[in-house]
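Here's coords16.cif, which has mmCIF, C-alpha atoms:
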data_protein
loop_
_atom_site.label_atom_id
_atom_site.label_comp_id
_atom_site.auth_asym_id
_atom_site.auth_seq_id
_atom_site.Cartn_x
_atom_site.Cartn_y
_atom_site.Cartn_z
CA MET S 1008 -4.20 -3.23 27.55
CA LYS S 1009 -4.06 -6.26 25.28
CA THR S 1010 -1.34 -7.84 23.18
CA ILE S 1011 -1.44 -9.15 19.63
CA THR S 1012 1.05 -10.54 17.14
CA PRO S 1013 2.02 -8.96 13.78
CA SER S 1014 -0.15 -9.80 10.77
CA ALA S 1015 -0.72 -8.82 7.15
CA GLU S 1016 -3.75 -9.07 4.91
CA LEU S 1017 -4.04 -8.61 1.15
CA TRP S 1018 -6.85 -6.22 0.18
CA GLN S 1019 -7.94 -6.80 -3.39
CA GLN S 1020 -9.56 -3.81 -5.03
CA PRO S 1021 -13.25 -4.29 -5.87
CA GLU S 1022 -14.71 -3.18 -9.17
CA ASP S 1023 -15.60 0.20 -7.69
CA TRP S 1024 -12.30 1.81 -6.70
CA HIS S 1025 -14.15 4.26 -4.42
CA GLU S 1026 -14.80 1.38 -2.01
CA HIS S 1027 -11.11 0.59 -1.91
CA VAL S 1028 -10.05 4.18 -1.24
CA ALA S 1029 -12.65 4.52 1.51
CA ARG S 1030 -11.52 1.28 3.16
CA CYS S 1031 -7.87 2.34 3.12
CA ALA S 1032 -8.60 5.87 4.36
CA ARG S 1033 -10.75 4.66 7.25
CA VAL S 1034 -7.72 2.87 8.68
CA CYS S 1035 -6.34 6.32 9.53
CA TYR S 1036 -9.28 6.91 11.85
CA ALA S 1037 -9.44 3.33 13.24
CA SER S 1038 -12.91 3.00 11.75
CA GLU S 1039 -13.84 -0.01 9.64
CA THR S 1040 -17.19 1.37 8.54
CA GLY S 1041 -18.98 4.68 8.35
CA SER S 1042 -22.36 6.20 7.57
CA LEU S 1043 -21.13 7.78 4.31
CA THR S 1044 -21.20 5.88 1.04
CA PRO S 1045 -17.77 5.30 -0.55
CA GLU S 1046 -18.47 7.95 -3.20
CA VAL S 1047 -19.51 10.56 -0.63
CA PHE S 1048 -16.58 9.64 1.59
CA CYS S 1049 -14.19 10.10 -1.33
CA ASP S 1050 -15.77 13.46 -2.13
CA SER S 1051 -15.14 14.54 1.47
CA LEU S 1052 -11.49 13.50 1.13
CA ILE S 1053 -11.20 15.67 -1.98
CA LYS S 1054 -12.78 18.66 -0.23
CA LYS S 1055 -10.34 18.25 2.68
CA GLY S 1056 -7.40 17.98 0.31
CA HIS S 1057 -6.54 14.44 1.43
CA LEU S 1058 -5.68 13.33 -2.08
CA SER S 1059 -2.91 10.93 -1.01
CA MET S 1060 -5.57 8.35 -0.12
CA PHE S 1061 -6.39 8.08 -3.82
CA ARG S 1062 -2.95 6.59 -4.41
CA HIS S 1063 -4.42 3.29 -3.24
CA ALA S 1064 -6.83 3.14 -6.19
CA SER S 1065 -5.23 1.21 -9.05
CA ARG S 1066 -6.02 1.86 -12.73
CA TYR S 1067 -4.77 -0.21 -15.65
CA PHE S 1068 -4.32 0.58 -19.35
CA VAL S 1069 -3.15 -1.40 -22.37
CA PHE S 1070 -2.61 0.21 -25.79
CA MET S 1071 -0.70 -0.24 -29.02
CA VAL S 1072 1.52 2.38 -30.66
CA GLU S 1073 1.75 1.50 -34.33
CA ASN S 1074 4.87 1.99 -36.42
CA VAL S 1075 2.87 3.74 -39.13
CA GLU S 1076 0.40 6.53 -38.30
CA PRO S 1077 0.23 5.83 -34.54
CA LYS S 1078 -3.13 6.69 -32.97
CA PHE S 1079 -1.64 7.15 -29.52
CA PRO S 1080 0.52 10.27 -28.88
CA GLN S 1081 4.22 9.50 -28.44
CA TRP S 1082 4.63 12.27 -25.87
CA ILE S 1083 2.23 10.44 -23.55
CA CYS S 1084 4.40 7.33 -23.84
CA ASN S 1085 7.45 9.37 -22.83
CA VAL S 1086 5.61 10.73 -19.78
CA LEU S 1087 4.37 7.31 -18.69
CA THR S 1088 7.74 5.60 -18.98
CA ASN S 1089 9.48 8.33 -16.95
CA SER S 1090 6.92 9.16 -14.25
CA PRO S 1091 7.62 7.84 -10.71
CA PHE S 1092 3.84 7.53 -10.23
CA VAL S 1093 3.37 5.14 -13.15
CA ALA S 1094 4.54 1.59 -13.78
CA CYS S 1095 4.96 1.08 -17.51
CA VAL S 1096 6.53 -1.60 -19.70
CA TYR S 1097 6.20 -2.30 -23.40
CA LYS S 1098 6.90 -5.07 -25.89
CA LYS S 1099 7.87 -4.61 -29.51
CA ILE S 1100 5.56 -6.41 -31.92
CA LYS S 1101 7.31 -7.20 -35.19
CA HIS S 1102 6.10 -5.10 -38.13
CA GLN S 1103 3.37 -3.55 -35.96
CA GLY S 1104 4.75 -1.36 -33.19
CA ARG S 1105 4.84 -1.50 -29.43
CA ILE S 1106 2.20 -2.63 -26.97
CA TYR S 1107 2.23 -0.80 -23.62
CA PHE S 1108 1.09 -2.17 -20.25
CA VAL S 1109 0.49 0.59 -17.71
CA SER S 1110 -0.65 0.90 -14.12
CA THR S 1111 -1.05 4.06 -12.09
CA ASN S 1112 -3.09 5.49 -9.24
CA GLU S 1113 -6.19 7.64 -9.10
CA GLN S 1114 -4.43 10.69 -7.63
CA PHE S 1115 -2.07 10.84 -10.62
CA LEU S 1116 -5.03 10.75 -13.01
CA MET S 1117 -6.96 13.35 -10.99
CA GLU S 1118 -4.04 15.75 -11.07
CA HIS S 1119 -3.28 15.14 -14.76
CA PRO S 1120 -6.63 15.14 -16.57
CA LYS S 1121 -4.93 15.69 -19.93
CA TYR S 1122 -3.14 12.34 -19.58
CA PHE S 1123 -6.29 10.59 -18.44
CA GLU S 1124 -8.22 11.94 -21.42
CA GLU S 1125 -5.74 10.22 -23.74
CA LEU S 1126 -5.73 7.00 -21.70
CA ARG S 1127 -9.45 6.72 -20.95
CA GLY S 1128 -10.33 4.60 -23.97
CA TYR S 1129 -7.65 2.03 -23.18
CA GLU S 1130 -8.56 1.25 -19.57
CA VAL S 1131 -8.90 -2.45 -18.70
CA THR S 1132 -9.79 -4.54 -15.68
CA VAL S 1133 -7.19 -6.65 -13.92
CA SER S 1134 -8.53 -9.82 -15.56
CA ASP S 1135 -8.42 -8.21 -19.01
CA PHE S 1136 -4.91 -6.94 -18.28
CA VAL S 1137 -3.72 -10.45 -17.38
CA GLN S 1138 -5.46 -11.90 -20.44
CA LYS S 1139 -3.62 -9.48 -22.73
CA VAL S 1140 -0.33 -10.34 -21.00
CA GLU S 1141 -0.98 -14.00 -21.84
CA GLU S 1142 -2.03 -13.20 -25.42
CA HIS S 1143 1.25 -11.40 -26.07
CA SER S 1144 3.42 -13.81 -24.03
CA PHE S 1145 4.83 -10.94 -21.98
CA PRO S 1146 4.97 -12.08 -18.31
CA MET S 1147 7.22 -9.14 -17.41
CA ALA S 1148 4.11 -6.93 -17.64
CA LEU S 1149 2.72 -8.66 -14.53
CA ASN S 1150 5.26 -6.61 -12.57
CA VAL S 1151 3.17 -3.48 -13.05
CA LEU S 1152 0.19 -5.02 -11.23
CA ARG S 1153 -0.44 -3.23 -7.92
CA TYR S 1154 -1.16 -4.93 -4.59
CA THR S 1155 -2.59 -3.44 -1.41
CA VAL S 1156 -1.60 -4.96 1.93
CA CYS S 1157 -2.81 -3.96 5.39
CA VAL S 1158 -0.11 -4.63 7.98
CA THR S 1159 -0.51 -4.76 11.75
CA THR S 1160 2.83 -4.14 13.44
CA GLN S 1161 4.58 -1.96 16.01
CA ILE S 1162 4.71 1.83 15.60
CA SER S 1163 8.51 1.56 15.58
CA THR S 1164 8.39 -1.03 12.77
CA SER S 1165 6.01 0.99 10.62
CA ARG S 1166 8.63 3.74 10.64
CA GLU S 1167 11.16 1.23 9.28
CA LEU S 1168 8.80 0.22 6.49
CA ASN S 1169 7.69 3.76 5.68
CA ARG S 1170 11.25 4.97 5.15
CA THR S 1171 11.78 2.53 2.29
CA SER S 1172 8.37 2.98 0.68
CA PRO S 1173 7.32 5.20 -2.27
CA ASN S 1174 4.77 6.84 0.07
CA ASN S 1175 1.49 5.16 -0.91
CA ILE S 1176 0.64 4.86 2.77
CA ALA S 1177 -2.45 5.07 4.97
CA GLU S 1178 -1.58 4.62 8.65
CA GLN S 1179 -3.69 4.65 11.77
CA SER S 1180 -3.33 8.11 13.27
CA THR S 1181 -2.05 8.58 16.81
CA ARG S 1182 -3.10 12.20 16.50
CA PHE S 1183 -6.79 11.79 15.82
CA VAL S 1184 -7.47 8.38 17.39
CA ASN S 1185 -8.13 8.49 21.15
CA PHE S 1186 -7.05 5.05 22.33
CA GLY S 1187 -8.64 5.69 25.73
CA LYS S 1188 -12.02 5.65 24.01
CA LYS S 1189 -11.03 2.54 22.06
CA GLY S 1190 -10.64 0.42 25.19
CA GLY S 1191 -6.98 1.13 25.89
CA ILE S 1192 -3.82 0.64 23.91
CA THR S 1193 -2.91 -2.56 22.08
CA ILE S 1194 0.66 -3.84 22.09
CA CYS S 1195 2.05 -5.70 19.09
CA THR S 1196 4.59 -8.04 20.63
CA PRO S 1197 8.16 -7.67 19.29
CA HIS S 1198 10.21 -10.51 17.82
CA TRP S 1199 12.05 -11.35 21.05
CA PHE S 1200 9.09 -11.48 23.41
CA GLN S 1201 7.80 -15.05 23.17
CA CYS S 1202 11.17 -16.73 23.79
CA ALA S 1203 12.50 -14.23 26.31
CA HIS S 1204 13.21 -14.97 29.98
CA TRP S 1205 10.23 -14.33 32.25
CA SER S 1206 11.98 -11.33 33.80
CA LYS S 1207 12.26 -9.60 30.40
CA ARG S 1208 8.63 -10.32 29.61
CA LEU S 1209 7.62 -8.96 33.02
CA LEU S 1210 9.65 -5.80 32.45
CA ALA S 1211 7.98 -5.37 29.08
CA HIS S 1212 4.48 -5.79 30.54
CA VAL S 1213 5.18 -3.33 33.34
CA THR S 1214 6.62 -0.76 30.94
CA TRP S 1215 3.76 -1.12 28.49
CA LYS S 1216 1.20 -0.82 31.28
CA LEU S 1217 2.89 2.29 32.66
CA GLY S 1218 2.78 3.80 29.19
CA GLU S 1219 -0.94 3.06 28.92
CA CYS S 1220 -1.59 4.53 32.38
CA ALA S 1221 0.39 7.67 31.55
CA TYR S 1222 -1.49 8.05 28.26
CA ASN S 1223 -4.91 7.64 29.87
CA PHE S 1224 -4.00 9.96 32.75
CA ALA S 1225 -2.82 12.61 30.31
CA ILE S 1226 -6.17 12.37 28.49
CA ARG S 1227 -8.04 12.79 31.80
CA LEU S 1228 -5.91 15.85 32.61
CA GLY S 1229 -7.13 17.45 29.43
CA LEU S 1230 -4.32 16.76 26.98
CA PRO S 1231 -5.69 16.03 23.51
CA ALA S 1232 -4.82 12.69 21.96
CA GLN S 1233 -2.33 14.36 19.60
CA ASP S 1234 -0.26 15.41 22.65
CA ALA S 1235 -0.91 12.44 24.92
CA ARG S 1236 0.50 10.16 22.22
CA GLY S 1237 3.97 11.11 23.47
CA PHE S 1238 3.44 8.57 26.28
CA LEU S 1239 2.65 5.67 23.93
CA PRO S 1240 5.24 2.86 23.91
CA LEU S 1241 6.94 2.24 20.57
CA ASP S 1242 5.54 -1.31 20.66
CA THR S 1243 1.99 0.08 20.47
CA ALA S 1244 0.19 -1.63 17.60
CA THR S 1245 -0.53 0.30 14.43
CA ARG S 1246 -2.23 -0.61 11.16
CA VAL S 1247 -0.69 0.54 7.91
CA VAL S 1248 -1.95 0.12 4.37
CA TYR S 1249 0.53 0.03 1.50
CA THR S 1250 -0.24 -0.11 -2.24
CA TYR S 1251 2.61 -0.72 -4.66
CA SER S 1252 3.40 -2.34 -7.99
CA VAL S 1253 5.32 -5.61 -8.02
CA PHE S 1254 8.39 -3.67 -9.14
CA GLU S 1255 8.13 -1.55 -5.97
CA TRP S 1256 7.32 -4.50 -3.69
CA LYS S 1257 10.39 -6.33 -4.96
CA HIS S 1258 12.53 -3.34 -4.03
CA ILE S 1259 11.01 -3.19 -0.53
CA MET S 1260 11.41 -6.95 -0.04
CA GLY S 1261 15.05 -6.65 -1.04
CA LEU S 1262 15.63 -4.08 1.68
CA ARG S 1263 13.44 -5.38 4.51
CA LEU S 1264 13.27 -9.14 3.91
CA VAL S 1265 16.51 -10.10 2.18
CA GLY S 1266 18.65 -7.26 3.54
CA SER S 1267 20.23 -6.18 0.24
CA THR S 1268 21.77 -3.07 1.85
CA GLY S 1269 22.35 -4.42 5.35
CA LYS S 1270 20.70 -6.62 7.95
CA PRO S 1271 17.08 -5.52 8.47
CA HIS S 1272 15.60 -5.16 11.96
CA PRO S 1273 13.95 -8.48 12.98
CA ASN S 1274 10.55 -6.82 13.48
CA ALA S 1275 10.73 -5.28 9.99
CA GLN S 1276 11.82 -8.62 8.56
CA ILE S 1277 8.81 -10.32 10.16
CA ALA S 1278 6.49 -7.69 8.68
CA ALA S 1279 8.12 -8.08 5.25
CA GLN S 1280 7.73 -11.85 5.39
CA LEU S 1281 4.04 -11.47 6.25
CA ILE S 1282 3.57 -9.05 3.35
CA HIS S 1283 5.38 -11.45 1.02
CA ASP S 1284 3.21 -14.37 2.11
CA ALA S 1285 0.04 -12.31 1.63
CA ILE S 1286 0.89 -11.24 -1.93
CA ILE S 1287 2.56 -14.30 -3.44
CA PRO S 1288 -0.54 -16.57 -3.70
CA VAL S 1289 -2.35 -14.08 -5.97
CA MET S 1290 0.81 -13.39 -7.95
CA ARG S 1291 1.07 -17.13 -8.65
CA ILE S 1292 -2.53 -17.28 -9.84
CA TYR S 1293 -1.56 -14.81 -12.57
CA GLY S 1294 2.03 -15.83 -13.23
CA GLY S 1295 2.31 -19.49 -12.27
CA GLU S 1296 3.88 -21.38 -9.40
CA LYS S 1297 7.41 -20.22 -10.24
CA THR S 1298 6.51 -16.56 -9.69
CA LYS S 1299 8.75 -14.92 -7.09
CA LEU S 1300 8.75 -11.67 -5.14
CA VAL S 1301 12.35 -11.99 -3.90
#

Will you turn the file into structure tokens for me?
Amino acid sequence: MKTITPSAELWQQPEDWHEHVARCARVCYASETGSLTPEVFCDSLIKKGHLSMFRHASRYFVFMVENVEPKFPQWICNVLTNSPFVACVYKKIKHQGRIYFVSTNEQFLMEHPKYFEELRGYEVTVSDFVQKVEEHSFPMALNVLRYTVCVTTQISTSRELNRTSPNNIAEQSTRFVNFGKKGGITICTPHWFQCAHWSKRLLAHVTWKLGECAYNFAIRLGLPAQDARGFLPLDTATRVVYTYSVFEWKHIMGLRLVGSTGKPHPNAQIAAQLIHDAIIPVMRIYGGEKTKLV
């Protein structure tokens, strides 16, 4: 058994979104690398029906809808502005029409090929997206940019975060990962541990160690990992990957960092602060030093 402290890391999507999906999905199996190429790995996810992993792939589109003889279908605009799987804002351009800034995920496009066919010609990179935001002096559009963060926290805390998230989640599986084969369980120390009296820290260590022993013993008795996980302490470390737009991250920060609906659990607040600190430097590259997430 070993102990670690909570952490968060921003994962920026490379040019090939397949690499990003593969990286996020491999967290579920506690495997950083694999023998399959990202494209082949993604194909295997599709064959298995694990399409939710494709929610971590971000796609961006910018297009103009003219006032006269618009080239882009209005019905698509209505879908994009009302879909919970799409972040979409627009700005009215005097005497011209409206310019739309859109972000969505790969699963949405896979499941709605008709929409993607209309959008395909307007896809842009993140840098091109930001450039167009600057050209049209529309900083609000930066809120549709999507950020992926990998968080290391307690199993109990991941449940807190997952309940307030729009479900773009890839979490290390306690069902398929055999921690006995991974060198034992890892404990992510809770907020109170470092400053607690020695007797409380001792109690925690003993309890965690008993949980690890019970888990390993259950494995040796023939219980599969998916059943032996019942002996894991709630402070067992887990890794979770979240991908959300700035609009969505602001909502989550309001709940888990600021406590807009009630005081958040200290462990969840620590995780939210780590997420905030991981995202904000890149946000400020695009939006300036005054850019805020809360």

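In this model, the gap between CA of Thr1044 in chain S and CA of His1025 in chain S comes to 9.1 Å.
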
**Selection result for the PyMOL selection byres ((chain S and resi 1183-1186) around 12) on this file, as a ChimeraX atom specification** = /S:1008,1033-1038,1178-1182,1187-1194,1219-1220,1222-1227,1230-1236,1238-1239,1243-1245

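Atom to atom, CA of His1057 in chain S and CA of Pro1173 in chain S stand 17.1 Å apart.
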
**Prompt:** If you count only C-alpha atoms, which residues fall within 12 Å of Cys1157 in chain S, apart from same-chain ones fewer than 3 positions away, as number ranges by chain?
**Reply:** S: 1013-1019, 1027, 1030-1035, 1063, 1154, 1160, 1165, 1175-1179, 1245-1251, 1278-1279, 1281-1283, 1285-1286

Can you list, as a JSON list (two decimals) with C-alpha atoms, in the frame of the given file, the residues that the PyMOL selection byres ((chain S and resi 1252-1261) around 6) selects here?
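Result file is out_18.json:
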[["chain", "number", "residue", "atom", "x", "y", "z"],
["S", 1150, "ASN", "CA", 5.26, -6.61, -12.57],
["S", 1151, "VAL", "CA", 3.17, -3.48, -13.05],
["S", 1152, "LEU", "CA", 0.19, -5.02, -11.23],
["S", 1153, "ARG", "CA", -0.44, -3.23, -7.92],
["S", 1251, "TYR", "CA", 2.61, -0.72, -4.66],
["S", 1262, "LEU", "CA", 15.63, -4.08, 1.68],
["S", 1263, "ARG", "CA", 13.44, -5.38, 4.51],
["S", 1264, "LEU", "CA", 13.27, -9.14, 3.91],
["S", 1265, "VAL", "CA", 16.51, -10.10, 2.18],
["S", 1266, "GLY", "CA", 18.65, -7.26, 3.54],
["S", 1267, "SER", "CA", 20.23, -6.18, 0.24],
["S", 1300, "LEU", "CA", 8.75, -11.67, -5.14]]

**Asked** Can you list, as a VMD selection string, the residues that the PyMOL selection byres ((chain S and resi 1075) around 12) selects here?
**Response** chain S and resid 1071 to 1074 1076 to 1079 1102 to 1105

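Straight-line separation from CA of Phe1068 in chain S to CA of Leu1126 in chain S: 7.0 Å.
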
Hey, could you patch up range 1229-1247 of chain S with N, CA and C atoms and hand it over as a CSV table (one decimal), in the frame of the given file?
chain,number,residue,atom,x,y,z
S,1229,GLY,N,-6.7,16.5,30.4
S,1229,GLY,CA,-7.1,17.4,29.4
S,1229,GLY,C,-6.2,17.5,28.2
S,1230,LEU,N,-5.2,16.8,28.2
S,1230,LEU,CA,-4.3,16.8,27.0
S,1230,LEU,C,-5.1,16.1,25.8
S,1231,PRO,N,-5.1,16.7,24.7
S,1231,PRO,CA,-5.7,16.0,23.5
S,1231,PRO,C,-4.9,14.8,23.1
S,1232,ALA,N,-5.5,13.9,22.4
S,1232,ALA,CA,-4.8,12.7,22.0
S,1232,ALA,C,-3.5,13.0,21.2
S,1233,GLN,N,-3.5,14.0,20.4
S,1233,GLN,CA,-2.3,14.4,19.6
S,1233,GLN,C,-1.1,14.7,20.5
S,1234,ASP,N,-1.4,15.1,21.7
S,1234,ASP,CA,-0.3,15.4,22.6
S,1234,ASP,C,0.0,14.3,23.6
S,1235,ALA,N,-1.1,13.6,24.0
S,1235,ALA,CA,-0.9,12.4,24.9
S,1235,ALA,C,-0.2,11.3,24.3
S,1236,ARG,N,-0.2,11.3,22.9
S,1236,ARG,CA,0.5,10.2,22.2
S,1236,ARG,C,2.0,10.1,22.5
S,1237,GLY,N,2.6,11.1,23.1
S,1237,GLY,CA,4.0,11.1,23.5
S,1237,GLY,C,4.3,10.1,24.5
S,1238,PHE,N,3.2,9.6,25.2
S,1238,PHE,CA,3.4,8.6,26.3
S,1238,PHE,C,3.3,7.1,25.7
S,1239,LEU,N,2.9,7.0,24.5
S,1239,LEU,CA,2.6,5.7,23.9
S,1239,LEU,C,4.0,4.9,23.7
S,1240,PRO,N,4.0,3.7,24.2
S,1240,PRO,CA,5.2,2.9,23.9
S,1240,PRO,C,5.4,2.6,22.4
S,1241,LEU,N,6.7,2.5,22.0
S,1241,LEU,CA,6.9,2.2,20.6
S,1241,LEU,C,6.4,0.9,20.1
S,1242,ASP,N,6.1,0.0,21.0
S,1242,ASP,CA,5.5,-1.3,20.7
S,1242,ASP,C,4.0,-1.3,20.5
S,1243,THR,N,3.4,-0.1,20.7
S,1243,THR,CA,2.0,0.1,20.5
S,1243,THR,C,1.7,-0.4,19.0
S,1244,ALA,N,0.6,-1.1,18.9
S,1244,ALA,CA,0.2,-1.6,17.6
S,1244,ALA,C,-0.3,-0.5,16.7
S,1245,THR,N,0.0,-0.6,15.4
S,1245,THR,CA,-0.5,0.3,14.4
S,1245,THR,C,-0.9,-0.5,13.2
S,1246,ARG,N,-1.8,0.0,12.4
S,1246,ARG,CA,-2.2,-0.6,11.2
S,1246,ARG,C,-1.8,0.3,10.0
S,1247,VAL,N,-1.2,-0.2,9.0
S,1247,VAL,CA,-0.7,0.5,7.9
S,1247,VAL,C,-1.1,-0.1,6.6
